[in-house]
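Engineer: Just coords.cif, nothing more (mmCIF, C-alpha atoms and all ligand atoms):
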```cif
data_upload
#
loop_
_atom_site.group_PDB
_atom_site.id
_atom_site.type_symbol
_atom_site.label_atom_id
_atom_site.label_comp_id
_atom_site.auth_asym_id
_atom_site.auth_seq_id
_atom_site.Cartn_x
_atom_site.Cartn_y
_atom_site.Cartn_z
ATOM 1 C CA MET A 1 99.727 -53.365 18.057
ATOM 2 C CA LEU A 2 98.419 -50.019 16.846
ATOM 3 C CA ILE A 3 97.380 -51.620 13.577
ATOM 4 C CA TYR A 4 95.611 -54.409 15.458
ATOM 5 C CA LEU A 5 93.721 -51.972 17.678
ATOM 6 C CA SER A 6 92.649 -49.781 14.807
ATOM 7 C CA PHE A 7 91.489 -52.919 12.972
ATOM 8 C CA CYS A 8 89.349 -53.880 15.962
ATOM 9 C CA PHE A 9 87.791 -50.508 16.587
ATOM 10 C CA SER A 10 87.163 -49.629 12.958
ATOM 11 C CA SER A 11 85.420 -52.918 12.266
ATOM 12 C CA LYS A 12 81.624 -52.814 12.012
ATOM 13 C CA ALA A 13 81.760 -56.388 13.244
ATOM 14 C CA MET A 14 82.749 -55.129 16.712
ATOM 15 C CA GLU A 15 79.028 -54.785 17.351
ATOM 16 C CA SER A 16 78.427 -58.477 17.168
ATOM 17 C CA HIS A 17 81.728 -60.132 17.978
ATOM 18 C CA ILE A 18 83.931 -60.431 21.001
ATOM 19 C CA TYR A 19 87.672 -60.293 20.551
ATOM 20 C CA VAL A 20 89.667 -62.665 22.652
ATOM 21 C CA GLY A 21 93.129 -61.402 21.911
ATOM 22 C CA GLN A 22 93.821 -62.818 18.474
ATOM 23 C CA PRO A 23 94.304 -60.444 15.530
ATOM 24 C CA PHE A 24 91.237 -61.800 13.712
ATOM 25 C CA ARG A 25 87.516 -61.704 14.212
ATOM 26 C CA CYS A 26 86.266 -64.323 16.596
ATOM 27 C CA PRO A 27 82.487 -64.802 16.532
ATOM 28 C CA MET A 28 81.436 -65.950 19.972
ATOM 29 C CA THR A 29 79.890 -69.110 18.642
ATOM 30 C CA ASP A 30 83.416 -70.072 17.537
ATOM 31 C CA ILE A 31 84.807 -69.813 21.040
ATOM 32 C CA PRO A 32 86.447 -73.159 21.753
ATOM 33 C CA PRO A 33 84.815 -75.397 24.366
ATOM 34 C CA SER A 34 87.972 -75.075 26.452
ATOM 35 C CA HIS A 35 87.636 -71.284 26.811
ATOM 36 C CA PRO A 36 87.440 -70.624 30.565
ATOM 37 C CA ARG A 37 84.687 -68.036 30.173
ATOM 38 C CA ARG A 38 82.765 -69.835 27.437
ATOM 39 C CA ALA A 39 79.484 -70.282 29.345
ATOM 40 C CA SER A 40 79.516 -66.656 30.435
ATOM 41 C CA LEU A 41 80.311 -65.377 26.925
ATOM 42 C CA LEU A 42 77.605 -67.504 25.355
ATOM 43 C CA ALA A 43 75.074 -66.222 27.898
ATOM 44 C CA ARG A 44 76.013 -62.667 26.955
ATOM 45 C CA GLU A 45 75.607 -63.520 23.294
ATOM 46 C CA ARG A 46 72.137 -64.904 23.960
ATOM 47 C CA LEU A 47 71.169 -61.704 25.779
ATOM 48 C CA VAL A 48 72.576 -59.418 23.089
ATOM 49 C CA GLU A 49 70.712 -61.451 20.498
ATOM 50 C CA GLY A 50 67.646 -61.115 22.743
ATOM 51 C CA VAL A 51 67.941 -57.322 22.640
ATOM 52 C CA ARG A 52 68.166 -57.399 18.852
ATOM 53 C CA ALA A 53 65.139 -59.690 18.697
ATOM 54 C CA GLY A 54 63.123 -57.306 20.868
ATOM 55 C CA ILE A 55 62.923 -59.782 23.766
ATOM 56 C CA VAL A 56 65.395 -58.344 26.270
ATOM 57 C CA SER A 57 65.302 -54.716 27.403
ATOM 58 C CA GLU A 58 68.581 -52.820 27.359
ATOM 59 C CA ALA A 59 68.343 -52.556 31.148
ATOM 60 C CA GLY A 60 68.208 -56.365 31.191
ATOM 61 C CA LEU A 61 71.836 -56.434 30.043
ATOM 62 C CA ILE A 62 72.859 -54.404 33.070
ATOM 63 C CA ALA A 63 70.827 -56.596 35.404
ATOM 64 C CA HIS A 64 72.652 -59.619 34.014
ATOM 65 C CA GLY A 65 76.012 -57.981 34.610
ATOM 66 C CA ARG A 66 75.163 -57.397 38.249
ATOM 67 C CA GLY A 67 74.260 -61.075 38.534
ATOM 68 C CA GLU A 68 77.529 -62.134 36.883
ATOM 69 C CA ALA A 69 79.525 -60.316 39.558
ATOM 70 C CA PHE A 70 77.830 -62.348 42.278
ATOM 71 C CA ASP A 71 78.350 -65.542 40.302
ATOM 72 C CA TYR A 72 82.076 -64.769 40.262
ATOM 73 C CA LEU A 73 82.019 -64.565 44.046
ATOM 74 C CA LEU A 74 80.048 -67.797 44.199
ATOM 75 C CA GLY A 75 82.666 -69.600 42.111
ATOM 76 C CA GLU A 76 80.159 -70.117 39.244
ATOM 77 C CA ARG A 77 78.815 -73.362 40.666
ATOM 78 C CA THR A 78 75.694 -74.684 42.311
ATOM 79 C CA THR A 79 76.080 -74.826 46.090
ATOM 80 C CA ASP A 80 74.533 -77.233 48.609
ATOM 81 C CA GLU A 81 72.365 -74.307 49.748
ATOM 82 C CA ALA A 82 71.021 -73.848 46.223
ATOM 83 C CA VAL A 83 70.170 -77.559 46.007
ATOM 84 C CA ALA A 84 68.377 -77.362 49.380
ATOM 85 C CA ALA A 85 66.442 -74.312 48.182
ATOM 86 C CA CYS A 86 65.497 -76.137 44.969
ATOM 87 C CA ARG A 87 64.222 -79.025 47.082
ATOM 88 C CA ALA A 88 62.058 -76.702 49.185
ATOM 89 C CA ALA A 89 60.856 -74.945 46.017
ATOM 90 C CA ALA A 90 59.976 -78.283 44.417
ATOM 91 C CA ALA A 91 57.957 -79.243 47.499
ATOM 92 C CA LEU A 92 56.028 -75.951 47.287
ATOM 93 C CA LEU A 93 55.326 -76.378 43.568
ATOM 94 C CA LEU A 94 54.041 -79.920 44.137
ATOM 95 C CA LEU A 95 51.853 -78.906 47.084
ATOM 96 C CA ALA A 96 50.485 -75.763 45.418
ATOM 97 C CA ARG A 97 46.816 -75.371 44.604
ATOM 98 C CA ARG A 98 47.781 -73.403 41.467
ATOM 99 C CA PRO A 99 51.445 -72.725 40.678
ATOM 100 C CA VAL A 100 52.654 -70.413 37.933
ATOM 101 C CA MET A 101 56.053 -69.484 36.526
ATOM 102 C CA SER A 102 56.614 -65.858 35.624
ATOM 103 C CA VAL A 103 58.909 -65.294 32.636
ATOM 104 C CA ASN A 104 60.645 -62.051 31.690
ATOM 105 C CA GLY A 105 62.872 -61.166 28.753
ATOM 106 C CA ASN A 106 66.143 -62.307 30.317
ATOM 107 C CA VAL A 107 64.628 -65.662 31.300
ATOM 108 C CA ALA A 108 63.263 -66.200 27.791
ATOM 109 C CA ALA A 109 66.572 -65.274 26.153
ATOM 110 C CA LEU A 110 68.747 -67.333 28.496
ATOM 111 C CA ALA A 111 66.605 -70.326 29.264
ATOM 112 C CA ALA A 112 63.368 -70.647 27.248
ATOM 113 C CA GLU A 113 63.888 -74.376 26.709
ATOM 114 C CA GLN A 114 64.761 -74.983 30.365
ATOM 115 C CA ALA A 115 61.723 -72.990 31.513
ATOM 116 C CA VAL A 116 59.444 -75.044 29.269
ATOM 117 C CA ALA A 117 61.093 -78.282 30.434
ATOM 118 C CA LEU A 118 60.623 -77.289 34.083
ATOM 119 C CA ALA A 119 56.957 -76.407 33.507
ATOM 120 C CA GLU A 120 56.420 -79.801 31.872
ATOM 121 C CA THR A 121 58.196 -81.606 34.713
ATOM 122 C CA VAL A 122 56.137 -79.831 37.375
ATOM 123 C CA THR A 123 52.923 -80.351 35.416
ATOM 124 C CA GLY A 124 53.670 -84.060 34.929
ATOM 125 C CA ALA A 125 54.637 -84.583 38.566
ATOM 126 C CA ARG A 126 51.497 -82.804 39.790
ATOM 127 C CA ALA A 127 49.316 -84.854 37.436
ATOM 128 C CA SER A 128 50.883 -88.060 38.748
ATOM 129 C CA ARG A 129 49.897 -86.933 42.271
ATOM 130 C CA GLY A 130 46.301 -86.305 41.149
ATOM 131 C CA ALA A 131 46.425 -82.518 41.614
ATOM 132 C CA ALA A 132 43.082 -80.942 40.688
ATOM 133 C CA GLU A 133 44.760 -78.168 38.690
ATOM 134 C CA GLY A 134 47.877 -79.955 37.569
ATOM 135 C CA ALA A 135 49.406 -77.609 35.050
ATOM 136 C CA MET A 136 52.023 -75.003 35.912
ATOM 137 C CA PRO A 137 51.556 -72.380 33.165
ATOM 138 C CA LEU A 138 54.168 -69.895 32.013
ATOM 139 C CA GLU A 139 53.134 -66.246 32.233
ATOM 140 C CA VAL A 140 55.015 -63.415 30.564
ATOM 141 C CA ASN A 141 55.509 -60.579 33.040
ATOM 142 C CA LEU A 142 57.760 -57.711 32.057
ATOM 143 C CA PHE A 143 59.156 -54.943 34.195
ATOM 144 C CA HIS A 144 59.670 -52.730 31.130
ATOM 145 C CA ARG A 145 56.435 -53.814 29.504
ATOM 146 C CA THR A 146 55.484 -53.130 25.919
ATOM 147 C CA GLU A 147 52.811 -55.192 24.183
ATOM 148 C CA GLU A 148 55.226 -55.919 21.341
ATOM 149 C CA ARG A 149 57.855 -57.289 23.702
ATOM 150 C CA VAL A 150 55.281 -59.405 25.561
ATOM 151 C CA ARG A 151 54.285 -60.964 22.242
ATOM 152 C CA ARG A 152 57.894 -61.618 21.274
ATOM 153 C CA VAL A 153 58.703 -63.250 24.620
ATOM 154 C CA ALA A 154 55.564 -65.391 24.322
ATOM 155 C CA ASP A 155 56.589 -66.348 20.782
ATOM 156 C CA ARG A 156 60.032 -67.348 22.029
ATOM 157 C CA LEU A 157 58.429 -69.594 24.658
ATOM 158 C CA ARG A 158 56.085 -71.135 22.085
ATOM 159 C CA ALA A 159 59.057 -71.750 19.786
ATOM 160 C CA ALA A 160 60.670 -73.602 22.691
ATOM 161 C CA GLY A 161 57.614 -75.864 22.940
ATOM 162 C CA ALA A 162 55.318 -74.079 25.415
ATOM 163 C CA ARG A 163 51.681 -74.835 24.705
ATOM 164 C CA ASP A 164 49.772 -72.336 26.843
ATOM 165 C CA VAL A 165 51.500 -69.030 27.437
ATOM 166 C CA LEU A 166 49.726 -66.419 29.556
ATOM 167 C CA GLY A 167 50.381 -62.711 29.796
ATOM 168 C CA GLU A 168 49.339 -61.349 26.418
ATOM 169 C CA ALA A 169 45.826 -60.484 27.588
ATOM 170 C CA PRO A 170 46.204 -59.341 31.194
ATOM 171 C CA ASP A 171 42.975 -58.953 33.143
ATOM 172 C CA ALA A 172 44.255 -58.376 36.685
ATOM 173 C CA ARG A 173 46.740 -56.221 38.581
ATOM 174 C CA VAL A 174 49.188 -56.928 41.379
ATOM 175 C CA PRO A 175 48.030 -54.541 44.135
ATOM 176 C CA GLY A 176 50.511 -51.928 45.302
ATOM 177 C CA LEU A 177 52.426 -51.632 42.026
ATOM 178 C CA ASP A 178 52.051 -48.752 39.633
ATOM 179 C CA HIS A 179 52.341 -48.751 35.847
ATOM 180 C CA ALA A 180 52.172 -51.677 33.471
ATOM 181 C CA ARG A 181 54.450 -53.912 35.522
ATOM 182 C CA ALA A 182 51.419 -54.605 37.768
ATOM 183 C CA LEU A 183 49.522 -56.270 34.913
ATOM 184 C CA CYS A 184 48.948 -59.998 35.213
ATOM 185 C CA SER A 185 46.559 -62.731 34.194
ATOM 186 C CA SER A 186 43.821 -64.069 36.463
ATOM 187 C CA GLN A 187 44.569 -67.511 34.995
ATOM 188 C CA GLY A 188 48.174 -67.169 36.115
ATOM 189 C CA VAL A 189 49.727 -64.921 38.756
ATOM 190 C CA GLY A 190 46.306 -63.448 39.602
ATOM 191 C CA GLY A 191 44.837 -66.779 40.659
ATOM 192 C CA ALA A 192 47.965 -68.616 41.768
ATOM 193 C CA ASP A 193 49.043 -69.415 45.300
ATOM 194 C CA VAL A 194 52.700 -70.236 44.487
ATOM 195 C CA VAL A 195 54.592 -67.995 42.059
ATOM 196 C CA LEU A 196 58.008 -68.926 40.687
ATOM 197 C CA VAL A 197 59.731 -65.676 39.727
ATOM 198 C CA PRO A 198 63.198 -66.261 38.335
ATOM 199 C CA LEU A 199 65.019 -62.925 38.014
ATOM 200 C CA GLU A 200 62.385 -60.737 39.604
ATOM 201 C CA ASP A 201 62.613 -57.120 40.675
ATOM 202 C CA GLY A 202 62.418 -56.532 44.411
ATOM 203 C CA ASP A 203 59.364 -54.282 44.223
ATOM 204 C CA ARG A 204 57.294 -56.879 42.483
ATOM 205 C CA ALA A 205 58.533 -59.737 44.682
ATOM 206 C CA GLU A 206 57.522 -57.742 47.763
ATOM 207 C CA ALA A 207 54.129 -56.871 46.251
ATOM 208 C CA LEU A 208 53.464 -60.508 45.392
ATOM 209 C CA ARG A 209 54.281 -61.554 48.924
ATOM 210 C CA ARG A 210 52.040 -58.826 50.372
ATOM 211 C CA TRP A 211 49.303 -60.122 48.064
ATOM 212 C CA GLY A 212 49.543 -63.486 49.815
ATOM 213 C CA ARG A 213 51.484 -65.385 47.155
ATOM 214 C CA THR A 214 54.166 -67.836 48.181
ATOM 215 C CA VAL A 215 57.178 -66.568 46.251
ATOM 216 C CA VAL A 216 60.028 -68.691 44.898
ATOM 217 C CA ALA A 217 62.907 -66.715 43.364
ATOM 218 C CA VAL A 218 66.161 -67.441 41.573
ATOM 219 C CA ASP A 219 68.643 -64.654 42.245
ATOM 220 C CA LEU A 220 72.431 -64.591 42.398
ATOM 221 C CA ASN A 221 72.475 -61.738 44.887
ATOM 222 C CA PRO A 222 71.621 -63.046 48.377
ATOM 223 C CA MET A 223 71.244 -59.447 49.600
ATOM 224 C CA SER A 224 68.709 -58.238 47.025
ATOM 225 C CA ARG A 225 65.180 -57.296 48.042
ATOM 226 C CA THR A 226 63.921 -60.124 45.832
ATOM 227 C CA SER A 227 66.066 -62.676 47.664
ATOM 228 C CA ARG A 228 64.870 -61.398 51.041
ATOM 229 C CA ALA A 229 61.211 -61.025 50.061
ATOM 230 C CA ALA A 230 60.896 -64.545 48.651
ATOM 231 C CA HIS A 231 59.847 -67.480 50.819
ATOM 232 C CA VAL A 232 62.428 -69.614 49.008
ATOM 233 C CA THR A 233 65.375 -68.138 47.118
ATOM 234 C CA VAL A 234 67.643 -70.249 44.970
ATOM 235 C CA VAL A 235 70.919 -68.329 44.922
ATOM 236 C CA ASP A 236 72.318 -69.688 41.702
ATOM 237 C CA GLU A 237 72.672 -68.775 38.057
ATOM 238 C CA LEU A 238 69.365 -69.269 36.252
ATOM 239 C CA THR A 239 70.539 -71.785 33.644
ATOM 240 C CA ARG A 240 72.175 -73.926 36.332
ATOM 241 C CA ALA A 241 69.240 -73.602 38.739
ATOM 242 C CA LEU A 242 66.283 -74.530 36.498
ATOM 243 C CA PRO A 243 67.519 -78.075 35.702
ATOM 244 C CA VAL A 244 68.286 -78.675 39.398
ATOM 245 C CA LEU A 245 64.759 -77.533 40.272
ATOM 246 C CA ALA A 246 63.356 -79.932 37.642
ATOM 247 C CA ARG A 247 65.497 -82.769 38.997
ATOM 248 C CA GLU A 248 64.337 -82.152 42.587
ATOM 249 C CA THR A 249 60.706 -81.977 41.420
ATOM 250 C CA SER A 250 61.029 -85.381 39.750
ATOM 251 C CA ALA A 251 62.735 -86.808 42.814
ATOM 252 C CA LEU A 252 59.901 -85.643 45.097
ATOM 253 C CA ALA A 253 57.028 -86.468 42.725
ATOM 254 C CA GLY A 254 56.025 -89.567 44.689
ATOM 255 C CA ALA A 255 56.636 -88.182 48.187
ATOM 256 C CA PRO A 256 53.682 -88.030 50.595
ATOM 257 C CA GLY A 257 52.114 -84.612 51.289
ATOM 258 C CA GLY A 258 53.341 -84.689 54.889
ATOM 259 C CA GLY A 259 56.915 -85.205 53.704
ATOM 260 C CA LEU A 260 56.642 -82.294 51.261
ATOM 261 C CA ARG A 261 55.214 -80.039 53.978
ATOM 262 C CA ALA A 262 58.065 -80.982 56.293
ATOM 263 C CA ILE A 263 60.576 -80.008 53.600
ATOM 264 C CA SER A 264 58.960 -76.649 52.769
ATOM 265 C CA GLU A 265 58.224 -75.691 56.390
ATOM 266 C CA GLY A 266 61.699 -76.757 57.488
ATOM 267 C CA PHE A 267 63.349 -74.393 55.006
ATOM 268 C CA ASP A 268 64.640 -71.133 56.520
ATOM 269 C CA ASN A 269 65.231 -68.645 53.712
ATOM 270 C CA ALA A 270 67.122 -66.064 55.790
ATOM 271 C CA ALA A 271 69.456 -68.753 57.144
ATOM 272 C CA CYS A 272 70.037 -70.050 53.632
ATOM 273 C CA LEU A 273 70.845 -66.558 52.315
ATOM 274 C CA ARG A 274 73.268 -66.017 55.202
ATOM 275 C CA ALA A 275 75.000 -69.311 54.475
ATOM 276 C CA VAL A 276 75.463 -68.435 50.785
ATOM 277 C CA LEU A 277 76.701 -64.956 51.624
ATOM 278 C CA GLY A 278 79.080 -66.563 54.108
ATOM 279 C CA ARG A 279 80.424 -68.768 51.318
ATOM 280 C CA MET A 280 81.066 -65.725 49.124
ATOM 281 C CA VAL A 281 82.821 -63.840 51.917
ATOM 282 C CA ALA A 282 84.900 -66.855 52.968
ATOM 283 C CA ARG A 283 86.021 -67.399 49.400
ATOM 284 C CA VAL A 284 87.509 -63.932 48.997
ATOM 285 C CA PRO A 285 90.702 -64.401 51.065
ATOM 286 C CA GLU A 286 91.335 -67.699 49.279
ATOM 287 C CA VAL A 287 91.119 -66.307 45.751
ATOM 288 C CA ASP A 288 94.342 -66.884 43.824
ATOM 289 C CA LEU A 289 95.519 -63.469 42.672
ATOM 290 C CA GLY A 290 98.568 -64.733 40.816
ATOM 291 C CA PRO A 291 98.619 -64.476 37.025
ATOM 292 C CA PRO A 292 96.321 -67.018 35.381
ATOM 293 C CA CYS A 293 98.359 -69.642 33.543
HETATM 294 P P1 LIG A 301 66.202 -56.062 43.884
HETATM 295 O O1 LIG A 301 65.268 -55.265 43.009
HETATM 296 O O2 LIG A 301 65.734 -57.455 44.123
HETATM 297 O O3 LIG A 301 66.630 -55.375 45.149
HETATM 298 P P2 LIG A 301 68.330 -55.226 42.195
HETATM 299 O O4 LIG A 301 67.520 -54.015 41.920
HETATM 300 O O5 LIG A 301 69.690 -55.102 42.789
HETATM 301 O O6 LIG A 301 67.539 -56.262 43.068
HETATM 302 P P3 LIG A 301 67.597 -56.059 39.592
HETATM 303 O O7 LIG A 301 68.166 -55.128 38.590
HETATM 304 O O8 LIG A 301 66.166 -55.917 39.994
HETATM 305 O O9 LIG A 301 68.519 -56.059 40.867
HETATM 306 O O10 LIG A 301 67.864 -57.524 39.084
HETATM 307 C C1 LIG A 301 69.190 -57.931 38.799
HETATM 308 C C2 LIG A 301 69.531 -59.091 39.682
HETATM 309 O O11 LIG A 301 69.046 -60.283 39.038
HETATM 310 C C3 LIG A 301 71.033 -59.310 39.838
HETATM 311 O O12 LIG A 301 71.609 -58.676 40.926
HETATM 312 C C4 LIG A 301 71.144 -60.802 40.009
HETATM 313 O O13 LIG A 301 71.155 -61.125 41.376
HETATM 314 C C5 LIG A 301 69.914 -61.332 39.350
HETATM 315 N N1 LIG A 301 70.330 -61.997 38.118
HETATM 316 C C6 LIG A 301 70.631 -61.434 36.912
HETATM 317 N N2 LIG A 301 70.948 -62.371 36.003
HETATM 318 C C7 LIG A 301 70.854 -63.559 36.642
HETATM 319 C C8 LIG A 301 71.038 -64.905 36.239
HETATM 320 N N3 LIG A 301 71.363 -65.229 34.986
HETATM 321 N N4 LIG A 301 70.853 -65.878 37.166
HETATM 322 C C9 LIG A 301 70.487 -65.570 38.434
HETATM 323 N N5 LIG A 301 70.294 -64.317 38.878
HETATM 324 C C10 LIG A 301 70.465 -63.317 37.995
HETATM 325 MG MG MG A 302 65.526 -54.167 41.254
#
```
Since I need it in another form, could you write the structure as structure tokens?
Structural biologist:
Amino acid sequence: MLIYLSFCFSSKAMESHIYVGQPFRCPMTDIPPSHPRRASLLARERLVEGVRAGIVSEAGLIAHGRGEAFDYLLGERTTDEAVAACRAAAALLLLARRPVMSVNGNVAALAAEQAVALAETVTGARASRGAAEGAMPLEVNLFHRTEERVRRVADRLRAAGARDVLGEAPDARVPGLDHARALCSSQGVGGADVVLVPLEDGDRAEALRRWGRTVVAVDLNPMSRTSRAAHVTVVDELTRALPVLARETSALAGAPGGGLRAISEGFDNAACLRAVLGRMVARVPEVDLGPPC
């Protein structure tokens, strides 16, 4: 045992590999599909790789960990409440005069392809409805902003197929926010009426709402300021939520405007957050605390 431990801790490879109990190196990409924590471990690997690539801030790793804890309580699955929130969000994106999706480092590292796919789905659905400004652009908005990191996040989105990425040449500011995190593009967040902010900080979500934007968030913590500030919060893990949001957008693409308004106006965010929190609380006494087999 001592030999095994000293092997692990003396190995340079500890920096890039996770050990799952066997006395040999196990690169995460080799984790078998049957591993019960595979999805979670792969997400961590994507974020760590994102830090190395200059896309994710170190604080982004901690933010992800806080989200993981809530996902544990949620049972790591998409709830009926999350689907209902995605439906309301889809209605808002289809009705919007100008929607935009804000992308930060964690979103780019975890779900660049899904973000691009969602933007294309929303853009296509809006075009099919004859929307005057059909496209939903992606805009890079970083909490810990450096110009280099903005460029790298934009490059990651372009590599995933995004055509127009905003955020590299900001020309507007979100009122009420200090420092560089207020910077935005007048073609994107600055001129939008509906802003999709997956993984947003509470300060910025509140400022966007005060600025008159309709805010749609994805956040695993139903108690966060972001979740409470948003008009619609999808309490789900980002990589599960984005495809559901795309699916609901496609499903509603042909719905009449009155039907979409009924869906968005009938959605009660506080009630939805309470229901999800209730699920988490109710699950706790039922958790099996026996040894895992
Ligand atoms: P707020 O600023 O909104 O009050 P906070 O300060 O507690 O929230 P932040 O550090 O701003 O939290 O953001 C981290 C939050 O982002 C986590 O608590 C989690 O809810 C959410 N989050 C992180 N990773 C994911 C993910 N992959 N999917 C969904 N939500 C996530
Ligand atoms: Mg915060």
Engineer: To one decimal place in Å, what is the distance between CA of Pro170 (chain A) and CA of Asp155 (chain A)?
Structural biologist: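 So the two atoms, CA of Pro170 (chain A) and CA of Asp155 (chain A), lie 16.3 Å apart.
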Engineer: Counting only C-alpha atoms and all ligand atoms, name the residues that have an atom within 10 Å of an atom of ligand LIG 301 (chain A); the answer should be given as a tab-separated table (two decimals) with C-alpha atoms, in the frame of the given file.
Structural biologist:
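File produced: selection_30.tsv:
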```
chain	number	residue	atom	x	y	z
A	40	SER	CA	79.52	-66.66	30.44
A	43	ALA	CA	75.07	-66.22	27.90
A	44	ARG	CA	76.01	-62.67	26.96
A	47	LEU	CA	71.17	-61.70	25.78
A	59	ALA	CA	68.34	-52.56	31.15
A	60	GLY	CA	68.21	-56.36	31.19
A	61	LEU	CA	71.84	-56.43	30.04
A	62	ILE	CA	72.86	-54.40	33.07
A	63	ALA	CA	70.83	-56.60	35.40
A	64	HIS	CA	72.65	-59.62	34.01
A	65	GLY	CA	76.01	-57.98	34.61
A	66	ARG	CA	75.16	-57.40	38.25
A	67	GLY	CA	74.26	-61.08	38.53
A	68	GLU	CA	77.53	-62.13	36.88
A	69	ALA	CA	79.53	-60.32	39.56
A	70	PHE	CA	77.83	-62.35	42.28
A	71	ASP	CA	78.35	-65.54	40.30
A	106	ASN	CA	66.14	-62.31	30.32
A	107	VAL	CA	64.63	-65.66	31.30
A	110	LEU	CA	68.75	-67.33	28.50
A	111	ALA	CA	66.60	-70.33	29.26
A	143	PHE	CA	59.16	-54.94	34.20
A	198	PRO	CA	63.20	-66.26	38.34
A	199	LEU	CA	65.02	-62.92	38.01
A	200	GLU	CA	62.38	-60.74	39.60
A	201	ASP	CA	62.61	-57.12	40.67
A	202	GLY	CA	62.42	-56.53	44.41
A	203	ASP	CA	59.36	-54.28	44.22
A	204	ARG	CA	57.29	-56.88	42.48
A	205	ALA	CA	58.53	-59.74	44.68
A	206	GLU	CA	57.52	-57.74	47.76
A	217	ALA	CA	62.91	-66.72	43.36
A	218	VAL	CA	66.16	-67.44	41.57
A	219	ASP	CA	68.64	-64.65	42.24
A	220	LEU	CA	72.43	-64.59	42.40
A	221	ASN	CA	72.47	-61.74	44.89
A	222	PRO	CA	71.62	-63.05	48.38
A	223	MET	CA	71.24	-59.45	49.60
A	224	SER	CA	68.71	-58.24	47.02
A	225	ARG	CA	65.18	-57.30	48.04
A	226	THR	CA	63.92	-60.12	45.83
A	227	SER	CA	66.07	-62.68	47.66
A	228	ARG	CA	64.87	-61.40	51.04
A	229	ALA	CA	61.21	-61.02	50.06
A	230	ALA	CA	60.90	-64.54	48.65
A	234	VAL	CA	67.64	-70.25	44.97
A	235	VAL	CA	70.92	-68.33	44.92
A	236	ASP	CA	72.32	-69.69	41.70
A	237	GLU	CA	72.67	-68.78	38.06
A	238	LEU	CA	69.36	-69.27	36.25
A	239	THR	CA	70.54	-71.78	33.64
A	240	ARG	CA	72.18	-73.93	36.33
A	241	ALA	CA	69.24	-73.60	38.74
A	242	LEU	CA	66.28	-74.53	36.50
```
Engineer: Run the PyMOL selection byres (((chain A and resi 123) around 9) and not hetatm) on the file and write out the hits as an MDAnalysis selection string.
Structural biologist: chainID A and resid 94 118:122 124:128 134:137
Engineer: How about saving the chosen residues, C-alpha atoms kept, as a JSON list (two decimals), in the frame of the given file?
Structural biologist:
```
[["chain", "number", "residue", "atom", "x", "y", "z"],
["A", 94, "LEU", "CA", 54.04, -79.92, 44.14],
["A", 118, "LEU", "CA", 60.62, -77.29, 34.08],
["A", 119, "ALA", "CA", 56.96, -76.41, 33.51],
["A", 120, "GLU", "CA", 56.42, -79.80, 31.87],
["A", 121, "THR", "CA", 58.20, -81.61, 34.71],
["A", 122, "VAL", "CA", 56.14, -79.83, 37.38],
["A", 124, "GLY", "CA", 53.67, -84.06, 34.93],
["A", 125, "ALA", "CA", 54.64, -84.58, 38.57],
["A", 126, "ARG", "CA", 51.50, -82.80, 39.79],
["A", 127, "ALA", "CA", 49.32, -84.85, 37.44],
["A", 128, "SER", "CA", 50.88, -88.06, 38.75],
["A", 134, "GLY", "CA", 47.88, -79.96, 37.57],
["A", 135, "ALA", "CA", 49.41, -77.61, 35.05],
["A", 136, "MET", "CA", 52.02, -75.00, 35.91],
["A", 137, "PRO", "CA", 51.56, -72.38, 33.16]]
```
Engineer: Looking at A:His144, A:Val165, A:Pro291, A:Leu183, which one is nearest to ligand MG 302 (chain A), with distances taken over all atoms listed in the file?
Structural biologist: A:His144
Engineer: Skipping near chain neighbours, those fewer than 5 positions away, what residues fall within 8 Å of Pro99 (chain A) using all atoms listed in the file, listed as number ranges by chain?
Structural biologist: A: 93, 135-137, 188, 192-196
Engineer: So the first atom is CA of Glu133 (chain A) and the second is CA of Ala91 (chain A); what is the distance between them in Å, to one decimal place?
Structural biologist: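 A separation of 15.9 Å between them.
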Engineer: When you draw a straight line from CA of Arg151 (chain A) to CA of Val174 (chain A), how long is it in Å?
Structural biologist: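 Separation between CA of Arg151 (chain A) and CA of Val174 (chain A): 20.2 Å.
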Engineer: Just so the selection is clear, what residues does the PyMOL selection byres (((chain A and resi 108) around 12) and not hetatm) cover here, as a count of residues only?
Structural biologist: 49
Engineer: Step by step, work through what the PyMOL selection byres (((chain A and resi 269-275) around 7) and not hetatm) selects in the shown file, and finish by giving those residues as number ranges by chain.
Structural biologist: A: 81, 222, 231-233, 267-268, 276-279
Engineer: Of the candidates A:Gly290, A:Ala39, A:Val216, A:Arg97, which one gets nearest to Glu76 (chain A) if we count only C-alpha atoms?
Structural biologist: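 Comparing A:Gly290, A:Ala39, A:Val216, A:Arg97 against Glu76 (chain A), the winner is A:Ala39.
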Engineer: Taking all atoms of region 32-37 of chain A that the file lists, what box with edges along x, y and z, padded by 4 Å per side, do you get, with centre and edge lengths in Å to one decimal, as AutoDock Vina command-line options?
Structural biologist:
```
--center_x 86.3 --center_y -71.7 --center_z 26.2 --size_x 11.3 --size_y 15.4 --size_z 16.8
```
Engineer: For the point (50.5, -64.3, 36.4) in file coordinates, what residues are within 7 Å, counting all atoms listed in the file? Give the answer as a VMD selection string?
Structural biologist: chain A and resid 100 102 139 167 184 to 190
Engineer: For Met280 (chain A), which of A:Pro36, A:Gly259, A:Gly266, A:Gly75 is the closest residue, counting all atoms listed in the file?
Structural biologist: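 Smallest distance to Met280 (chain A) is found for A:Gly75.
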